[in-house]
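Read through the structure below, which is laid out as structure tokens, and then see the notes.
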Amino acid sequence: MKFIKLIFLTLAIPLSGTSALKAQNAENILKKHIAAMGGKKWNDIKTITIASHTKALSMEVDGNETMDVTKEKMRIDMSVMGTDCYIIVTPEGGWGYMPARGVTPLPADDAKEQLKKMNFRDEYLIDKSNIKSIEYAGNETIDNVPCYKLNVTGKDDNTQTAFFDIATYYLVCSVKHVKTAEHNFDMTFNYSNFQAIPGSSIIMPMTTTSEHGTVTYKTIEINKPVDEKIFKPDAPAAAADGETEPPKKEISK
């Protein structure tokens with residue numbers, strides 16, 4: 001009996017050592033990824049302004065996003081098929097504007113989802129404090145790029161499989177495992193065209209591709225002064241006077 005126990009103990013030692021090594025590898029990969037993307041410089045972001053272009057099926061959308069990160073306020077201005085509209089989200093609530101409907105409140109769940117977009121550190125796995133666990137799952141090639149593969153669980157218990165470029169440690173692909181009351185499904189996001197934000201060592205992917213389409217960031221600016229008035233849900237003057245279309249707003253190139 002003692003001999004059998006000794007055999008099991010001997011076999012268990014390499015297995016436990018392998019688990020510890022996997023955990024160490026995962027921690028090391030994540031640490032190098034965060035450093036490669038700018039590390040603590042992400043904490044210096046107070047405001048961020050992004051001009052973007054989205055292609056989704058037959059639709060193209062130009063957009064301007066303005067976020068006051070410290071005050072948790074966000075405004076997204078969009079030009080959709082020649083029609084200008086916007087979304088505003090603040091701690092007090094959320095609102096949307098379309099010419100045909102005017103200004104309408106957003107459902108609380110929709111407003112909460114929009115606010116999540118402000119946390120780029122979560123999106124790109126920069127904020128380690130929001131990660132519950134990580135597991136090294138081997139190596140895999142994504143679009144001809146050799147990658148480390150990690151299984152990641154957030155503190156909200158959402159899970160994803162993340163792929164990091166072995167050469168740069170940038171996050172190049174994330175497969176988010178989504179669970180709803182009715183369905184479980186995966187959403188894949190591919191990140192590319194990594195660039196430093198002007199005047200900063202923060203790195204961001206300028207292109208994100210998913211099954212819903214491709215989003216291209218044309219310009220990104222951080223810590224510019226933001227006028228508080230833009231977060232007030234007012235209809236454009238022309239629409240308020242009864243016109244069906246608000247004055248066109250030029251999207252910055």
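Going through the structure tokens in order, the chains are called A, B, and so on, while each chain numbers its residues from 1 and the ligands are numbered from 1 in the order shown.
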Next item on the list: Skip Pro205 in chain A itself and residues of its chain fewer than 4 positions away, then list as a PyMOL selection string all residues within 6 Å of it, counting only C-alpha atoms.
Entry: chain A and resi 191-194
Next item on the list: Could you tell me, as number ranges by chain, which residues of range 45-229 of chain A DSSP assigns to strand (DSSP E) when given the backbone?
Entry: A: 47-56, 59-68, 73-80, 83-90, 93-98, 102-105, 131-142, 145-154, 159-165, 171-179, 184-196, 203-210, 213-222
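Neighbouring residues of range 184-188 of chain A at 8 Å or closer, counting only C-alpha atoms and skipping chain neighbours under 5 positions away, are A:Cys173, A:Ser174, A:Val175, A:Lys176, A:His177, A:Val178, A:Lys179, A:Ser210, A:Glu211.
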Now that the selection is made, can you save its residues with C-alpha atoms as a compact mmCIF listing (two decimals), in the first residue's frame?
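Heads up, here's the output in out_22.txt:
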# COMPACT_ATOMS: atom_id res chain seq x y z
CA CYS A 173 -7.53 38.27 -31.60
CA SER A 174 -10.16 37.77 -28.92
CA VAL A 175 -12.93 35.17 -28.98
CA LYS A 176 -15.53 36.30 -26.45
CA HIS A 177 -17.80 33.56 -25.11
CA VAL A 178 -21.20 35.18 -24.67
CA LYS A 179 -23.95 33.69 -22.53
CA SER A 210 -15.65 41.15 -36.48
CA GLU A 211 -18.56 39.36 -38.10
Next item on the list: Show which residues sit within 10 Å of range 223-231 of chain A, as number ranges by chain. Count only C-alpha atoms, and ignore same-chain residues fewer than 3 positions away.
Entry: A: 44-49, 66-69, 73-76, 87-90, 94-95, 234
Which polymer residues have any atom within 10 Å of an atom of range 77-81 of chain A, counting only C-alpha atoms, with same-chain residues fewer than 2 positions away left out, as an mmCIF file with C-alpha atoms, in the first residue's frame?
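Result saved to part_31.cif:
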data_model
loop_
_atom_site.group_PDB
_atom_site.id
_atom_site.type_symbol
_atom_site.label_atom_id
_atom_site.label_comp_id
_atom_site.auth_asym_id
_atom_site.auth_seq_id
_atom_site.Cartn_x
_atom_site.Cartn_y
_atom_site.Cartn_z
ATOM 1 C CA ALA A 51 -12.808 59.749 -35.389
ATOM 2 C CA SER A 52 -13.793 56.447 -36.976
ATOM 3 C CA HIS A 53 -15.231 54.812 -40.065
ATOM 4 C CA THR A 54 -17.319 51.646 -39.891
ATOM 5 C CA MET A 59 -23.791 50.329 -44.616
ATOM 6 C CA GLU A 60 -20.994 52.794 -43.926
ATOM 7 C CA VAL A 61 -20.917 55.024 -40.850
ATOM 8 C CA ASP A 62 -18.626 57.931 -39.977
ATOM 9 C CA GLY A 63 -18.388 58.626 -36.295
ATOM 10 C CA ASN A 64 -16.860 60.866 -33.643
ATOM 11 C CA GLU A 65 -16.592 59.540 -30.086
ATOM 12 C CA THR A 66 -15.849 61.909 -27.214
ATOM 13 C CA ARG A 75 -21.016 61.096 -26.699
ATOM 14 C CA THR A 83 -28.423 61.232 -41.597
ATOM 15 C CA ASP A 84 -26.838 62.682 -38.447
ATOM 16 C CA CYS A 85 -27.645 61.164 -35.057
ATOM 17 C CA TYR A 86 -26.024 60.764 -31.659
ATOM 18 C CA ILE A 87 -25.879 58.767 -28.428
ATOM 19 C CA ILE A 88 -25.083 60.341 -25.046
ATOM 20 C CA GLY A 96 -30.293 58.852 -28.344
ATOM 21 C CA TYR A 97 -31.206 61.263 -31.124
ATOM 22 C CA LYS A 248 -25.323 68.526 -41.304
ATOM 23 C CA LYS A 249 -22.296 68.217 -39.099
ATOM 24 C CA GLU A 250 -18.936 67.686 -40.728
ATOM 25 C CA ILE A 251 -17.036 64.703 -39.395
#
Checklist line | Shell around range 114-131 of chain A at 7 Å using only C-alpha atoms, local window under 3 positions removed, as a PyMOL selection string | finding: chain A and resi 34+67+69+89+110-111+153-155+171
Check: Pick the closest to Asp165 in chain A from A:Val215, A:Met37, A:Val145, A:Val152: which is it, counting only C-alpha atoms?
Finding: A:Val145
Item checked: Nearest to His33 in chain A by atom-to-atom distance, counting only C-alpha atoms, from A:Leu106, A:Ser201, A:Thr168, A:Leu150 ->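 Of the candidates, the smallest distance to His33 in chain A is held by A:Thr168.
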